[in-house]
Amino acid sequence: MNKQLKDLLNIFGKDVVDRAKSNLKVTQRIKYPNGKSYNRNRYASGKLYNSLTFKSSVAGGKPFIKFTTKDSSTQQYADIVEFGRRAGAKPPPIDPIIEWMKVRKIKLRNSKNEFIKYSEEAQRNAAKRIAWAIGRNGTPGILYYTTAIQEILDERSPAFFQYLNEAIAFELDIDGRNKKNQ
C-alpha cells in the first residue's frame with residue numbers, strides 16, 4: 001500500500017472513529033420495540049467510547065478498513081449498541097446492568113412508583129427486572145458506526161476521487177495506438 005493511500009485510509013478511519021464517539025454521546029429519540037420512545041444517549045461509563053478504534057490494511061489486494069474496539073470485552077456490547085438486541089433473546093447478564101445503574105445514578109422505585117432506599121438486594125432485583133425486560137422486549141440499535149461511516153464518506157468523497165484520479169492510470173485503446181491518460 002503506498003503512503004498516500006495509507007495516509008488517506010488513516011485520516012478516514014480516525015474521522016469515522018471520532019464521529020462514532022460523537023454519535024454515542026448525542027442525545028436522540030430512541031424507539032423501543034414495546035412502542036415507547038425516550039430521549040437517550042448511549043454514553044455511560046465511557047468504556048465503549050474509549051475502546052473504539054480502526055485498523056487499515058490491504059486484504060486480497062484491496063485497501064481495507066476494519067472498525068472495531070480495542071478489546072474483546074467491549075466488542076459484543078459494541079455490536080448490541082450498533083444493531084440492537086432482538087426481542088425474545090436471552091436476557092443479558094445483570095452485573096453490567098448494575099454497573100450501568102450506578103454510573104447513571106438510577107434511583108430505585110417500588111410498585112407504587114415511590115422512591116425507595118438503596119440496598120444491594122433492591123438494586124440486584126431491579127437489575128434482574130431490567131435484564132428480563134431487555135430479553136423479552138429487545139433494544140433498538142443506534143447505528144453509531146454505520147452512520148459515522150456514511151457521513152464521513154459523504155464528506156470525504158472528493159478526496160477519495162482525487163486520490164483515485166492520481167493513483168489509477170487509464171488507457172484508451174480504441175484505435176490500436178494505446179493513448180494513455182495518467
# chains A, B, ... in the order shown; residues from 1 in each chain; ligands from 1
$ select_by_dssp --residues "stretch 65-147 of chain A" --states "alpha helix (DSSP H)" --output "VMD selection string"
chain A and resid 72 to 83 94 to 103 120 to 137 144 to 147
$ write_last_selection --atoms "C-alpha atoms" --output "PDB file, in the first residue's frame"
ATOM      1  CA  SER A  72     -12.836  -8.260  23.239  1.00  0.00           C
ATOM      2  CA  SER A  73     -14.739  -7.252  26.381  1.00  0.00           C
ATOM      3  CA  THR A  74     -16.379  -4.342  24.529  1.00  0.00           C
ATOM      4  CA  GLN A  75     -16.890  -5.986  21.129  1.00  0.00           C
ATOM      5  CA  GLN A  76     -20.148  -7.759  21.938  1.00  0.00           C
ATOM      6  CA  TYR A  77     -21.542  -4.688  23.668  1.00  0.00           C
ATOM      7  CA  ALA A  78     -20.464  -2.515  20.712  1.00  0.00           C
ATOM      8  CA  ASP A  79     -22.407  -4.822  18.400  1.00  0.00           C
ATOM      9  CA  ILE A  80     -25.534  -4.614  20.572  1.00  0.00           C
ATOM     10  CA  VAL A  81     -25.393  -0.806  20.750  1.00  0.00           C
ATOM     11  CA  GLU A  82     -24.892  -0.634  16.965  1.00  0.00           C
ATOM     12  CA  PHE A  83     -27.529  -3.130  15.817  1.00  0.00           C
ATOM     13  CA  ILE A  94     -27.080  -8.403  35.427  1.00  0.00           C
ATOM     14  CA  ASP A  95     -23.600  -7.323  36.577  1.00  0.00           C
ATOM     15  CA  PRO A  96     -23.108  -4.860  33.685  1.00  0.00           C
ATOM     16  CA  ILE A  97     -26.638  -3.569  34.296  1.00  0.00           C
ATOM     17  CA  ILE A  98     -25.809  -2.945  37.956  1.00  0.00           C
ATOM     18  CA  GLU A  99     -22.667  -1.064  36.883  1.00  0.00           C
ATOM     19  CA  TRP A 100     -24.730   0.953  34.385  1.00  0.00           C
ATOM     20  CA  MET A 101     -27.303   1.759  37.107  1.00  0.00           C
ATOM     21  CA  LYS A 102     -24.523   3.096  39.330  1.00  0.00           C
ATOM     22  CA  VAL A 103     -22.954   5.203  36.559  1.00  0.00           C
ATOM     23  CA  GLU A 120     -27.788  -4.132  47.262  1.00  0.00           C
ATOM     24  CA  GLU A 121     -30.712  -6.555  47.217  1.00  0.00           C
ATOM     25  CA  ALA A 122     -33.099  -3.927  45.827  1.00  0.00           C
ATOM     26  CA  GLN A 123     -30.561  -2.927  43.192  1.00  0.00           C
ATOM     27  CA  ARG A 124     -29.944  -6.555  42.205  1.00  0.00           C
ATOM     28  CA  ASN A 125     -33.702  -7.178  41.931  1.00  0.00           C
ATOM     29  CA  ALA A 126     -34.116  -4.068  39.761  1.00  0.00           C
ATOM     30  CA  ALA A 127     -31.223  -5.190  37.547  1.00  0.00           C
ATOM     31  CA  LYS A 128     -32.855  -8.611  37.156  1.00  0.00           C
ATOM     32  CA  ARG A 129     -36.130  -6.978  36.089  1.00  0.00           C
ATOM     33  CA  ILE A 130     -34.275  -4.733  33.613  1.00  0.00           C
ATOM     34  CA  ALA A 131     -32.401  -7.742  32.187  1.00  0.00           C
ATOM     35  CA  TRP A 132     -35.642  -9.681  31.887  1.00  0.00           C
ATOM     36  CA  ALA A 133     -37.322  -6.747  30.088  1.00  0.00           C
ATOM     37  CA  ILE A 134     -34.359  -6.391  27.698  1.00  0.00           C
ATOM     38  CA  GLY A 135     -34.545 -10.097  26.919  1.00  0.00           C
ATOM     39  CA  ARG A 136     -38.302 -10.001  26.383  1.00  0.00           C
ATOM     40  CA  ASN A 137     -38.574  -6.672  24.504  1.00  0.00           C
ATOM     41  CA  TYR A 144     -23.392   4.910  15.626  1.00  0.00           C
ATOM     42  CA  TYR A 145     -20.629   3.374  13.458  1.00  0.00           C
ATOM     43  CA  THR A 146     -22.724   2.862  10.305  1.00  0.00           C
ATOM     44  CA  THR A 147     -23.928   6.466  10.392  1.00  0.00           C
TER      45      THR A 147
END
$ closest_atom_pairs --of "stretch 82-174 of chain A" --to "stretch 8-23 of chain A" --cutoff "9 Å" --atoms "only C-alpha atoms" --output "JSON lines"
{"residue": "A:Ile142", "atom": "CA", "partner": "A:Asn23", "partner_atom": "CA", "distance": 8.5}
{"residue": "A:Leu143", "atom": "CA", "partner": "A:Asn23", "partner_atom": "CA", "distance": 8.6}
{"residue": "A:Tyr144", "atom": "CA", "partner": "A:Ala20", "partner_atom": "CA", "distance": 5.2}
{"residue": "A:Tyr145", "atom": "CA", "partner": "A:Ala20", "partner_atom": "CA", "distance": 5.1}
{"residue": "A:Thr146", "atom": "CA", "partner": "A:Ala20", "partner_atom": "CA", "distance": 8.3}
{"residue": "A:Thr147", "atom": "CA", "partner": "A:Ala20", "partner_atom": "CA", "distance": 7.7}
{"residue": "A:Ala148", "atom": "CA", "partner": "A:Ala20", "partner_atom": "CA", "distance": 5.3}
{"residue": "A:Ile149", "atom": "CA", "partner": "A:Val16", "partner_atom": "CA", "distance": 5.6}
{"residue": "A:Gln150", "atom": "CA", "partner": "A:Val16", "partner_atom": "CA", "distance": 8.8}
{"residue": "A:Glu151", "atom": "CA", "partner": "A:Val16", "partner_atom": "CA", "distance": 8.3}
{"residue": "A:Ile152", "atom": "CA", "partner": "A:Val16", "partner_atom": "CA", "distance": 6.2}
{"residue": "A:Leu153", "atom": "CA", "partner": "A:Phe12", "partner_atom": "CA", "distance": 8.1}
{"residue": "A:Arg156", "atom": "CA", "partner": "A:Phe12", "partner_atom": "CA", "distance": 7.7}
{"residue": "A:Ala159", "atom": "CA", "partner": "A:Leu8", "partner_atom": "CA", "distance": 8.2}
{"residue": "A:Phe160", "atom": "CA", "partner": "A:Leu8", "partner_atom": "CA", "distance": 7.9}
{"residue": "A:Tyr163", "atom": "CA", "partner": "A:Leu8", "partner_atom": "CA", "distance": 8.5}
$ closest_residue --among "A:Tyr49, A:Leu24, A:Pro63, A:Asn113" --to "A:Gln4" --atoms "only C-alpha atoms"
A:Pro63
$ atom_distance --atom1 "atom CA of A:Ile106" --atom2 "atom CA of A:Gln28"
19.2 Å
$ closest_residue --among "A:Gly138, A:Pro158, A:Lys31, A:Tyr38" --to "A:Arg86" --atoms "only C-alpha atoms"
A:Gly138
